[in-house]
Amino acid sequence: MIAGPSAGYAKKEYGRSRRRKECGSRVPGYRSGPELRAEPVAPCATRTSSRRGSENGVYFSVSGPRKDSARSHFLRQNRASRASASDASRDAPAPAGGAPPAYTEDVRVAGALLADKLRTLYEEVMGEEKVFADPRIVDVVDKVQLVDGRGADANIVGTIHLTTSHLIFKGESEQKEIWVANNLIHSVERGPLSVAGCPLTIKCKHFQVLHLLIRRDKECGDLFESIRRCSQPLNIEELLAFDHRDGGEDAKGWSRLEWSIEFQRQGIDDGWTESDVNGDYAVCDTYPERLWVPAAASKQILLGSAAFRSKGRLPALTYHHRLSKASLCRCAQPLSGFSARCLEDERLMELIAKTNEAGDQLLLVDTRPMVNAMVNKVQGKGFEDERNYSGMRFQFFDIENIHVMRTSQTKLVEAQSRARSTSDYLRGLEASGWLKHLRAIMECAHYIASAIKNGTSCVVHCSDGWDRTSQTVALAQLLLDPFYRTIHGFEILIEKDWLAFGHKFDDRCAHTAAQNEEAAKEVSPVFSQWLDTVWQVHRQFPRAFQFNARFLVHMHEYVYACQHGTFLGNCEKDRKDLAVARRTKSLWTHFDARAEDYTNPFYEPTLYTDLLALSTRAANIEVFAQLYSRWEDGILPRESLEDTMAQSLDHIAVLQTTIAAMEARVAELREMTGRGSVGSGSCVSSMSTAGTAGAPTTPMTSSTLSVAGRSGLSRQETAESGVYDASLTSSEDSILAGTVVRWQSLRDVDECSARGCTVEFATRAEKRLHCHRCGKIFCRRCLKTGEKERLCRQCGDHSPQ
Amino acid sequence: MMPLNCFLVQVIHSASLSLPSQMLLRLVVLSLFIAVVAARYIDDMNYGELRQFLDDQLMQVFIPRRMVRQEGALLLSIMELAEAIEIPQVNGVFLREGPRAATTGTICVAGHHLMFAPDQQSPTVKGQNQDAANDIWILHRMVDKVVAEPIAKDDPSRGGLLILKLKNFLILTFEIRSVSDCQALFRSIEKLSNLRGFHHEYPFYYRVPFTVLDDGWTAFDLENEFTKLSVLAPDQFRISSANVNYALCQSYPEKVIVPKGIGDDYLGHSAEFREGRRFPVLSYYHAPTKSPIMRCGQPLVGPTNRRCKGDETILNTLLTTERGVIVDTRPKNVGLDSKRKGGGCESQQFYSQWRYLVFGTPRIKDTHDALARVVELCNDTRISSDKFISRANSSMWYHAVTDILTAAANVATLVSQEGTSGVPVVVHGGDGTDSTLAVCSLAQLILDSDSRTIRGFESLIEREFICAGHPFQSRNAHSAYGSGAVTGPKESPVFLLFLHCVYELLVQFPLSFEYTEEFLILLFEHSYASEFGSFLGDNEMEKRQWRVKECTTSLWSYVNNPKILAQFVNANYEPNDKVIWPSVTPQSFVLWRRVLLRWQMKWEESDAMRKAAADAKLKEKAMQSRVHSLKRQIADLTREASLITATAEGLKLTD
């Protein structure tokens with residue numbers, strides 16, 4: 001199983017292929033039953049009442065064509081055109097939707113229907129709930145209205161299927177499908193009962209909000225409970241990632257970060273060495289097993305320093321600047337209290353400073369505001385005393401703690417989704433303070449990066465050294481090293497500074513339900529915030545990054561979705577204990593397979609080395625609308641220059657092959673007609689001569705061609721008539737035959753062009769991919785990416801390969 | 001080779017030796033002025049040629065053709081300009097802050113320009129071209145505010161600071177050694193930049209360095225527009241010449257489009273009843289739904305509840321089956337307030353077939369203050385994030401943009417409502433010369449794909465702003481920095497606000513517009529100070545009085561020059577003939593950084609990105625046409641080949 005918006009695709013694939021075999025169409029709303037049942041049984045079996053399909057598939061639209069209110073125009077354009085497009089596709093002789101139910105071909109389905117009916121009757125009579133036969137499906141509620149949050153669009157009637165992995169809304173109109181991984185659900189709220197029905201609001205961690213109207217109060221209550229249960233697994237092994245594991249070992253994805261290779265790449269010298277002091281996580285269970293420390297530091301010193309640092313997180317190398325020889329180390333706060341000192345720790349700092357021959361100055365950055373650090377002193381923690389450490393400068397930064405950040409983001413999301421007037425919005429934005437916090441992180445990272453560039457080694461810590469430290473250290477490296485601005489490098493950066501050094505993804509993202517209030521307080525969007533700061537840098541230097549904003553947005557979603565093992569657990573040790581590498585897939589493999597979605601067409605690899613020209617003034621920090629307003633179709637720009645350019649580049653590559661093939665063909669034909677010696681005669685001249693020569697013989701061609709011995713001719717003919725002769729076709733000919741020169745415009749494409757699919761893209765920002773042959777836009781599941789080209793099913797079927 | 005500025009200095013020096021002072025000054029101004037004109041021509045002329053050239057020019061310019069026509073007003077003006085210049089040149093000035101790196105140089109003050117020429121650092125390496133490119137030329141008209149202050153308050157010997165704040169928000173700071181020079185420059189520039197009177201305007205002196213291929217003054221003729229209209233809506237409208245010689249309304253053009261079947265006498269009645277005598281005229285006709293947008297001034301209902309049957313008849317002619325809509329662009333309380341002062345709004349009693357809707361947009365005074373605040377905010381580099389947002393909120397500029405866009409989107413919705421047809425919409429505010437025009441034009445941009453082409457946009461500006469009587473001269477006399485006695489109550493950046501709204505559309509639909517952001521910036525700058533006459537005067541009548549069309553060049557003549565036009569074309573433009581519905585929520589508001597933060601940031605990134613996207617698009621297009629031509633070639637060759645094979649077969653058979 002794969003993740004995110006596309007996760008649904010793989011699943012539906014199954015149902016679709018079956019459906020095709022059955023050569024008839026079943027009732028739209030009913031389809032998901034048998035499909036979902038076909039999946040492996042999940043550990044979580046929830047009992048609920050089943051109302052699945054009790055209407056026997058009488059799913060005719062109640063509301064009729066969507067009627068638009070005047071306001072709706074603002075946020076959405078030309079519903080009319082979309083509607084007509086869908087009409088056209090329905091008129092097409094495809095065996096899709098609309099046809100009367102015909103399920104006799106599948107006895108099981110019929111049986112299920114009957115069983116359902118009986119069960120409903122039984123329930124009505126006995127007033128008793130029955131265990132639903134399929135543990136995969138938790139709840140099905142039909143005739144649910146999906147309400148547009150802004151009141152712009154009309155409600156869409158459809159069915160909610162809650163499975164153990166996803167919440168699925170399927171519109172009756174066939175095109176609307178919403179798939180939300182259960183783990184993405186943040187909260188469910190019930191509203192007061194009204195005439196229209198029972199309102200249910202589902203808020204997601206990737207900021208999608210579903211407003212539902214359910215007919216009956218009881219249905220609503222059941223669904224509410226089920227969603228609550230499904231979205232908050234108690235045990236981490238219940239997560240989706242452990243459920244869906246197709247294919248073999250995912251070695252490539254799980255070995256993204258090789259410490260020694262990475263440090264070699266950074267060009268570390270003899271001053272640093274790998275230490276096994278943390279073997280078996282003996283010293284610090286939130287650190288990786290292998291640490292790089294100054295070569296001169298004895299084990300004694302390391303152990304001493306670890307004992308002096310909070311949670312045993314001693315200073316360890318994370319980045320080494322090749323040119324300035326300065327290094328970047330990270331650790332947790334010292335247990336200094338008011339007077340305690342540790343000679344080993346002081347010695348270690350000294351040694352770190354000395355690894356840099358250029359200067360033995362050391363900059364110690366505490367990312368906390370001074371007040372916070374002071375408070376920690378009372379608890380026997382705190383910060384280093386400058387007097388005890390030789391050659392050290394000390395610097396505080398005002399980055400607030402996780403609790404402040406959590407509240408801040410909540411307020412930001414509220415302002416982003418609720419505010420109707422400009423004053424309202426700006427007031428909300430100001431109250432959230434989100435931009436202020438972003439700026440603090442960026443300023444700190446910029447400070448660290450400039451120091452390192454200038455040859456001063458830095459040691460960074462906050463309280464435990466896994467939140468603010470990860471943010472600032474990773475961002476500083478992003479500013480310094482172009483490698484981390486590539487897709488691959490960015491993944492390594494996350495592996496290194498977030499995963500290996502123990503950012504507590506489990507606790508911060510609440511992968512499992514918070515058991516108590518204490519655990520609830522551990523939740524904080526620290527990683528999302530870092531992604532936000534990366535975007536701020538990206539916005540200022542769009543040409544410096546190999547990835548685009550979509551990469552960051554999807555990254556944010558996958559972190560929470562838990563469909564991959566990458567972000568499970570609180571540290572490396574947790575992941576080892578859970579054996580994620582064996583039992584789950586890596587997110588990086590998933591990203592690798594979708595490289596074209598995430599490639600930034602503007603990327604210029606050699607243009608920038610460092611990004612220290614970054615401006616952190618207030619006017620340059622903006623709301624990451626692509627993330628926070630991702631699901632509000634109207635708010636984001638309706639057209640994108642980036643996607644157009646990516647499309648152009650894609651198309652240029654295809655055209656290049658086409659032109660090469662055509663030129664070869666022209667040369668071949670020239671030779672045949674005995675004009676090869678003419679060489680590269682101009683197109684016009686050859687046209688005119690060919691025209692005059694060819695004119696009188698046109699009636700003959702069809703009869704003579706069949707006997708033409710030269711392969712070239714018959715190839716041309718077969719290609720044109722669409723009949724493919726296996727012995728004569730080559731890939732070049734097929735390119736010549738079917739390639740459409742003009743590709744479908746990206747504008748207003750909301751659904752897949754495949755017949756019988758026409759599924760809507762999840763959002764407008766989703767990448768639209770063209771078939772390289774017919775130039776139409778398809779959803780990912782209707783496209784097959786080969787080695788050379790990407791084809792839709794139709795072109796793929798016709799293709800000779 | 002001698003750089004131009006050195007030459008100017010020479011001219012001044014030689015003149016000062018031989019002539020009495022008053023005459024001298026005038027001559028200096030003249031020759032500077034000539035040099036200014038000449039500077040447009042010379043790129044690589046050497047000194048001798050330049051001298052010769054200037055001599056020729058001098059003879060011509062003394063009594064140029066245009067000045068003869070203007071009855072010597074311009075000559076008088078030159079003398080006045082000359083008197084305003086207290087000090088023509090100051091050497092050794094240090095440019096502390098400006099569009100270039102800090103450097104020392106010379107300031108020269110000419111009749112219409114202020115010039116700053118950096119001292120040559122390495123004359124052997126840098127040629128004249130290089131040097132000329134480094135000069136800063138500023139039209140006096142572009143200067144919004146001048147400030148002169150001593151560098152150190154207690155120590156005048158350290159010299160003075162001359163701060164020029166321009167209407168395009170650029171701020172230049174010069175350090176001048178002598179305080180008295182600084183003061184003199186200050187007085188000269190302030191006087192020159194605030195001179196009133198048409199004959200001082202630079203467009204009258206400007207000679208085009210290119211051949212005008214497509215005269216902008218005649219390019220957008222109303223007759224042409226009407227021809228198009230009469231195809232779309234036969235027998236519904238007519239051109240009225242009731243306003244010949246601006247008899248009915250001074251701020252309207254002579255010819256206007258009004259509903260057919262309405263006599264000129266009715267127009268006269270209506271003019272009496274409308275603010276500024278602006279009777280209802282056609283602004284836009286939306287053919288798909290057969291709904292027109294009309295605009296006018298507010299009705300002079302007054303406290304006595306006056307009515308005008310003529311006016312009612314005009315509006316009622318537009319009605320078909322549906323009720324019409326009257327859109328008021330004033331906030332509700334302003335509308336009510338103006339009733340006391342003789343204005344007001346159409347009463348439901350007399351306009352019973354019309355719905356009355358209010359979409360409040362900011363008044364001109366509010367707009368002006370909002371801009372001043374937002375520019376001040378953007379110039380503040382040290383402000384904290386929180387403060388930035390809260391001051392953005394109190395600036396009201398964000399609100400102004402969303403308000404206007406909301407009103408325009410509402411008008412567009414009313415006009416194009418699905419399922420209904422023939423809903424006429426009448427838009428008016430107070431005077432009907434500001435927000436009314438902005439709302440009507442934006443509605444057209446949303447509805448009409450033509451106006452999203454360069455040509456169409458030019459036509460829109462010409463029709464809906466220039467001819468429709470947006471008082472550019474008074475509104476744009478000062479911009480964000482202007483303050484004190486030199487400013488007036490009529491100043492307001494309504495046009496910039498409109499352009500900002502267009503920019504919002506551009507951001508949301510970057511591929512649906514044929515023109516780029518740069519084009520909007522060009523319009524913004526030229527609307528404040530220009531060498532072209534398009535934005536001179538408050539209306540067509542004033543243009544006529546001052547013979548603007550005869551004596552100056554239109555901005556469109558310049559823009560439509562293919563060479564110039566190329567830089568404003570959006571290579572990724574894909575014609576989009578649908579209605580583009582903008583998002584007007586505050587979340588999608590984007591600050592127009594390229595204007596408001598233009599001088600504080602670098603724009604290489606966005607420029608390079610646009611260029612990369614354009615290159616990719618052009619390459620794609622070139623390859624597509626290559627494929628087409630190859631296809632044809634292959635088809636032809638195939639036919640030829642088959643002929644050969646066929647004859648070969650035939651030969652075999654006969655054998």
# chains A, B, ... in the order shown; residues from 1 in each chain; ligands from 1
>>> residues_around(residues="Leu636 of chain A", least_positions_apart="3", cutoff="12 Å", atoms="only C-alpha atoms", output="short mmCIF file (atom, residue, chain, number, x, y, z; two decimals) with N, CA and C atoms, in the first residue's frame")
data_model
loop_
_atom_site.label_atom_id
_atom_site.label_comp_id
_atom_site.auth_asym_id
_atom_site.auth_seq_id
_atom_site.Cartn_x
_atom_site.Cartn_y
_atom_site.Cartn_z
N LEU A 75 -15.14 31.60 -6.12
CA LEU A 75 -14.10 30.68 -5.71
C LEU A 75 -13.90 29.59 -6.73
N ARG A 76 -14.77 29.51 -7.66
CA ARG A 76 -14.71 28.34 -8.52
C ARG A 76 -15.11 28.81 -9.90
N VAL A 623 2.78 33.57 4.60
CA VAL A 623 2.08 32.34 4.98
C VAL A 623 2.26 31.32 3.87
N PHE A 624 2.58 30.11 4.24
CA PHE A 624 2.77 29.01 3.29
C PHE A 624 1.39 28.54 2.83
N ALA A 625 0.83 29.32 1.91
CA ALA A 625 -0.57 29.08 1.54
C ALA A 625 -0.76 27.71 0.90
N GLN A 626 0.26 27.25 0.17
CA GLN A 626 0.10 25.95 -0.49
C GLN A 626 -0.11 24.84 0.53
N LEU A 627 0.40 25.06 1.73
CA LEU A 627 0.21 24.05 2.77
C LEU A 627 -1.09 24.29 3.52
N TYR A 628 -1.28 25.52 3.96
CA TYR A 628 -2.40 25.75 4.85
C TYR A 628 -3.72 25.92 4.11
N SER A 629 -3.67 26.35 2.88
CA SER A 629 -4.92 26.48 2.12
C SER A 629 -4.99 25.45 1.00
N ARG A 630 -4.27 24.36 1.20
CA ARG A 630 -4.15 23.38 0.14
C ARG A 630 -5.49 22.88 -0.37
N TRP A 631 -6.43 22.72 0.53
CA TRP A 631 -7.70 22.11 0.13
C TRP A 631 -8.74 23.14 -0.22
N GLU A 632 -8.40 24.39 -0.13
CA GLU A 632 -9.36 25.44 -0.50
C GLU A 632 -9.05 25.82 -1.93
N ASP A 633 -9.72 25.16 -2.83
CA ASP A 633 -9.35 25.29 -4.22
C ASP A 633 -9.31 26.73 -4.71
N GLU A 639 -3.68 29.03 -11.94
CA GLU A 639 -2.75 28.56 -12.96
C GLU A 639 -1.35 28.67 -12.39
N SER A 640 -0.47 27.83 -12.87
CA SER A 640 0.87 27.84 -12.30
C SER A 640 1.93 27.87 -13.40
N THR A 763 -6.58 17.97 -5.54
CA THR A 763 -6.56 19.42 -5.44
C THR A 763 -6.03 19.97 -6.76
N ARG A 764 -6.11 21.28 -6.85
CA ARG A 764 -5.64 21.91 -8.06
C ARG A 764 -4.11 21.85 -8.16
N ALA A 765 -3.47 21.75 -7.01
CA ALA A 765 -2.01 21.77 -7.00
C ALA A 765 -1.42 20.41 -7.35
N GLU B 504 -3.44 41.36 -8.79
CA GLU B 504 -4.00 40.21 -8.07
C GLU B 504 -4.55 39.18 -9.05
N LEU B 505 -5.24 39.67 -10.06
CA LEU B 505 -5.76 38.75 -11.08
C LEU B 505 -4.60 38.04 -11.78
N VAL B 507 -1.70 37.34 -10.63
CA VAL B 507 -1.09 36.32 -9.78
C VAL B 507 -1.95 35.06 -9.79
N GLN B 508 -3.25 35.26 -9.80
CA GLN B 508 -4.11 34.09 -9.74
C GLN B 508 -4.24 33.39 -11.08
N PHE B 509 -4.04 34.14 -12.15
CA PHE B 509 -4.14 33.54 -13.48
C PHE B 509 -2.93 33.94 -14.32
N PRO B 510 -1.76 33.45 -13.97
CA PRO B 510 -0.55 33.95 -14.64
C PRO B 510 -0.48 33.62 -16.13
N PRO B 582 -11.98 35.52 -9.86
CA PRO B 582 -10.88 35.66 -8.91
C PRO B 582 -11.31 35.27 -7.51
N SER B 583 -10.34 34.94 -6.72
CA SER B 583 -10.61 34.74 -5.30
C SER B 583 -10.44 36.09 -4.62
N VAL B 584 -11.41 36.47 -3.83
CA VAL B 584 -11.33 37.79 -3.18
C VAL B 584 -11.19 37.66 -1.68
N THR B 585 -10.92 36.45 -1.22
CA THR B 585 -10.75 36.28 0.22
C THR B 585 -9.42 36.91 0.66
N PRO B 586 -9.36 37.37 1.88
CA PRO B 586 -8.11 38.00 2.34
C PRO B 586 -6.93 37.04 2.32
N GLN B 587 -7.18 35.73 2.40
CA GLN B 587 -6.09 34.78 2.40
C GLN B 587 -5.34 34.76 1.08
N SER B 588 -6.02 35.14 0.01
CA SER B 588 -5.33 35.06 -1.27
C SER B 588 -4.76 36.41 -1.70
N PHE B 589 -4.86 37.39 -0.84
CA PHE B 589 -4.27 38.69 -1.18
C PHE B 589 -2.75 38.57 -1.22
N VAL B 590 -2.19 39.13 -2.27
CA VAL B 590 -0.74 39.12 -2.40
C VAL B 590 -0.28 40.56 -2.54
#
>>> select_by_dssp(residues="segment 399-576 of chain A", states="alpha helix (DSSP H)", output="PyMOL selection string")
chain A and resi 402-418+422-432+434-453+468-480+487-493+505-509+517-521+526-540+549-561+572-576
>>> closest_residue(among="B:Lys332, B:His478, B:Lys339, B:Arg238", to="Ser193 of chain B", atoms="only C-alpha atoms")
B:His478
>>> residues_around(residues="Ile446 of chain B", least_positions_apart="4", cutoff="8 Å", atoms="only C-alpha atoms", output="compact mmCIF listing (two decimals) with all heavy atoms, in the first residue's frame")
# COMPACT_ATOMS: atom_id res chain seq x y z
N ALA B 409 -15.98 41.81 -8.76
CA ALA B 409 -16.42 40.42 -8.94
C ALA B 409 -17.92 40.31 -8.79
O ALA B 409 -18.57 39.56 -9.51
CB ALA B 409 -15.72 39.52 -7.93
N ALA B 412 -19.44 41.57 -11.96
CA ALA B 412 -19.26 40.56 -13.00
C ALA B 412 -20.24 39.41 -12.80
O ALA B 412 -20.81 38.89 -13.77
CB ALA B 412 -17.82 40.04 -12.98
N LEU B 442 -12.38 46.48 -13.92
CA LEU B 442 -12.01 45.17 -13.39
C LEU B 442 -13.06 44.12 -13.75
O LEU B 442 -12.73 42.99 -14.07
CB LEU B 442 -11.85 45.24 -11.87
CG LEU B 442 -10.52 45.80 -11.41
CD1 LEU B 442 -10.56 46.11 -9.94
CD2 LEU B 442 -9.39 44.83 -11.70
N VAL B 579 -14.59 33.26 -18.44
CA VAL B 579 -14.60 34.26 -17.37
C VAL B 579 -13.62 33.78 -16.30
O VAL B 579 -13.60 32.60 -15.97
CB VAL B 579 -16.02 34.35 -16.77
CG1 VAL B 579 -16.04 35.34 -15.63
CG2 VAL B 579 -17.01 34.75 -17.85
N ILE B 580 -12.77 34.66 -15.84
CA ILE B 580 -11.85 34.24 -14.79
C ILE B 580 -12.37 34.74 -13.44
O ILE B 580 -12.36 35.94 -13.17
CB ILE B 580 -10.41 34.72 -15.03
CG1 ILE B 580 -10.33 36.23 -15.29
CG2 ILE B 580 -9.77 34.00 -16.20
CD1 ILE B 580 -8.92 36.77 -15.23
N TRP B 581 -12.82 33.83 -12.63
CA TRP B 581 -13.37 34.24 -11.33
C TRP B 581 -12.25 34.34 -10.33
O TRP B 581 -11.63 33.34 -9.98
CB TRP B 581 -14.43 33.24 -10.87
CG TRP B 581 -15.62 33.25 -11.75
CD1 TRP B 581 -16.03 32.28 -12.60
CD2 TRP B 581 -16.53 34.35 -11.92
NE1 TRP B 581 -17.15 32.68 -13.28
CE2 TRP B 581 -17.49 33.95 -12.88
CE3 TRP B 581 -16.66 35.61 -11.35
CZ2 TRP B 581 -18.54 34.76 -13.29
CZ3 TRP B 581 -17.70 36.43 -11.76
CH2 TRP B 581 -18.61 36.00 -12.72
N PRO B 582 -11.98 35.52 -9.86
CA PRO B 582 -10.88 35.66 -8.91
C PRO B 582 -11.31 35.27 -7.51
O PRO B 582 -12.50 35.27 -7.20
CB PRO B 582 -10.56 37.15 -8.97
CG PRO B 582 -11.87 37.79 -9.30
CD PRO B 582 -12.66 36.80 -10.12
>>> interface_residues(of="chain B", to="chain A", cutoff="6 Å", atoms="only C-alpha atoms", output="NGL selection string")
:B and (384-386 or 389 or 393 or 399 or 508-509 or 581-583 or 586 or 588 or 613 or 616-617 or 620 or 633-634 or 636-637 or 639-641)
>>> residues_around(residues="Lys549 of chain B", least_positions_apart="5", cutoff="10 Å", atoms="only C-alpha atoms", output="list in words")
Gly216, Trp217, Thr218, Gly533, Ser534, Leu536, Glu540, Lys543, Arg544 and Ser554 of chain B
>>> write_last_selection(atoms="C-alpha atoms", output="PDB file, in the first residue's frame")
ATOM      1  CA  GLY B 216      -1.837  55.816 -30.161  1.00  0.00           C
ATOM      2  CA  TRP B 217      -4.130  58.801 -30.355  1.00  0.00           C
ATOM      3  CA  THR B 218      -6.196  57.246 -33.094  1.00  0.00           C
ATOM      4  CA  GLY B 533       0.850  62.877 -23.251  1.00  0.00           C
ATOM      5  CA  SER B 534      -1.596  60.078 -22.554  1.00  0.00           C
ATOM      6  CA  LEU B 536      -2.040  64.646 -19.238  1.00  0.00           C
ATOM      7  CA  GLU B 540     -10.744  64.903 -22.923  1.00  0.00           C
ATOM      8  CA  LYS B 543      -6.638  67.540 -23.649  1.00  0.00           C
ATOM      9  CA  ARG B 544      -8.403  69.438 -26.405  1.00  0.00           C
ATOM     10  CA  SER B 554       0.678  58.979 -27.006  1.00  0.00           C
TER      11      SER B 554
END
>>> residues_around(residues="segment 501-515 of chain A", least_positions_apart="6", cutoff="6 Å", atoms="only C-alpha atoms", output="list of chain:residue names")
A:Gln232, A:Pro233, A:Leu234, A:Ile236, A:Thr286, A:Tyr287, A:Trp466, A:Glu522, A:Val523, A:Ser524, A:Gly569, A:Asn570, A:Cys571
>>> closest_residue(among="B:Asp181, B:Glu254, B:Glu525, B:Asp431", to="Arg277 of chain B", atoms="only C-alpha atoms")
B:Asp431
>>> residues_around(residues="Phe490 of chain A", least_positions_apart="3", cutoff="12 Å", atoms="only C-alpha atoms", output="NGL selection string")
:A and (256-257 or 474-475 or 477-479 or 481-487 or 493-498 or 531 or 534 or 545-548 or 551-552 or 555 or 588 or 591)
>>> select_by_dssp(residues="segment 393-467 of chain A", states="strand (DSSP E or B)", output="MDAnalysis selection string")
chainID A and resid 393:396 457:461
>>> write_last_selection(atoms="all heavy atoms", output="compact mmCIF listing (two decimals), in the first residue's frame")
# COMPACT_ATOMS: atom_id res chain seq x y z
N ARG A 393 32.18 31.62 22.79
CA ARG A 393 31.20 32.71 22.80
C ARG A 393 29.85 32.08 22.98
O ARG A 393 29.59 30.98 22.49
CB ARG A 393 31.25 33.49 21.49
CG ARG A 393 32.16 34.70 21.54
CD ARG A 393 31.98 35.54 20.31
NE ARG A 393 32.23 34.77 19.10
CZ ARG A 393 31.49 34.89 18.00
NH1 ARG A 393 30.47 35.71 17.98
NH2 ARG A 393 31.79 34.19 16.92
N PHE A 394 28.97 32.79 23.65
CA PHE A 394 27.67 32.21 23.95
C PHE A 394 26.58 33.12 23.38
O PHE A 394 26.68 34.34 23.46
CB PHE A 394 27.51 32.08 25.46
CG PHE A 394 26.41 31.14 25.84
CD1 PHE A 394 26.65 29.80 25.93
CD2 PHE A 394 25.14 31.63 26.08
CE1 PHE A 394 25.63 28.91 26.29
CE2 PHE A 394 24.12 30.76 26.42
CZ PHE A 394 24.37 29.41 26.53
N GLN A 395 25.54 32.53 22.80
CA GLN A 395 24.51 33.35 22.16
C GLN A 395 23.14 32.72 22.36
O GLN A 395 22.95 31.53 22.10
CB GLN A 395 24.84 33.46 20.66
CG GLN A 395 23.84 34.24 19.85
CD GLN A 395 23.94 35.74 20.10
OE1 GLN A 395 25.05 36.26 20.24
NE2 GLN A 395 22.82 36.42 20.17
N PHE A 396 22.20 33.52 22.82
CA PHE A 396 20.82 33.04 22.95
C PHE A 396 20.02 33.43 21.71
O PHE A 396 20.29 34.45 21.08
CB PHE A 396 20.14 33.65 24.18
CG PHE A 396 20.54 33.02 25.47
CD1 PHE A 396 21.30 33.70 26.40
CD2 PHE A 396 20.14 31.72 25.77
CE1 PHE A 396 21.67 33.12 27.59
CE2 PHE A 396 20.49 31.14 26.97
CZ PHE A 396 21.26 31.83 27.88
N SER A 457 33.51 27.28 14.45
CA SER A 457 32.74 26.08 14.72
C SER A 457 31.61 26.40 15.70
O SER A 457 31.76 27.28 16.54
CB SER A 457 33.64 25.00 15.33
OG SER A 457 34.59 24.61 14.37
N CYS A 458 30.51 25.66 15.55
CA CYS A 458 29.35 25.95 16.40
C CYS A 458 28.88 24.70 17.11
O CYS A 458 28.93 23.60 16.55
CB CYS A 458 28.18 26.46 15.57
SG CYS A 458 28.42 28.05 14.85
N VAL A 459 28.43 24.88 18.32
CA VAL A 459 27.70 23.83 19.02
C VAL A 459 26.33 24.41 19.32
O VAL A 459 26.22 25.52 19.83
CB VAL A 459 28.41 23.42 20.33
CG1 VAL A 459 27.57 22.39 21.05
CG2 VAL A 459 29.78 22.89 20.03
N VAL A 460 25.29 23.67 18.95
CA VAL A 460 23.93 24.19 19.12
C VAL A 460 23.16 23.29 20.07
O VAL A 460 23.26 22.06 19.97
CB VAL A 460 23.20 24.24 17.76
CG1 VAL A 460 21.82 24.85 17.92
CG2 VAL A 460 24.01 25.03 16.75
N HIS A 461 22.44 23.88 20.99
CA HIS A 461 21.52 23.07 21.77
C HIS A 461 20.33 23.91 22.19
O HIS A 461 20.34 25.14 22.12
CB HIS A 461 22.22 22.45 22.99
CG HIS A 461 22.56 23.43 24.07
ND1 HIS A 461 21.63 23.97 24.91
CD2 HIS A 461 23.76 23.95 24.45
CE1 HIS A 461 22.21 24.78 25.77
NE2 HIS A 461 23.52 24.81 25.50
>>> closest_residue(among="B:Ile239, B:Val208, B:Ala148, B:Leu161", to="Thr553 of chain B", atoms="only C-alpha atoms")
B:Val208
>>> residues_around(residues="Leu618 of chain B", least_positions_apart="6", cutoff="10 Å", atoms="only C-alpha atoms", output="number ranges by chain")
A: 648; B: 571-572, 612, 624
>>> atom_distance(atom1="atom CA of Ile454 of chain B", atom2="atom CA of Ser527 of chain B")
17.0 Å
>>> atom_distance(atom1="atom CA of Asn388 of chain A", atom2="atom CA of Pro288 of chain A")
28.7 Å
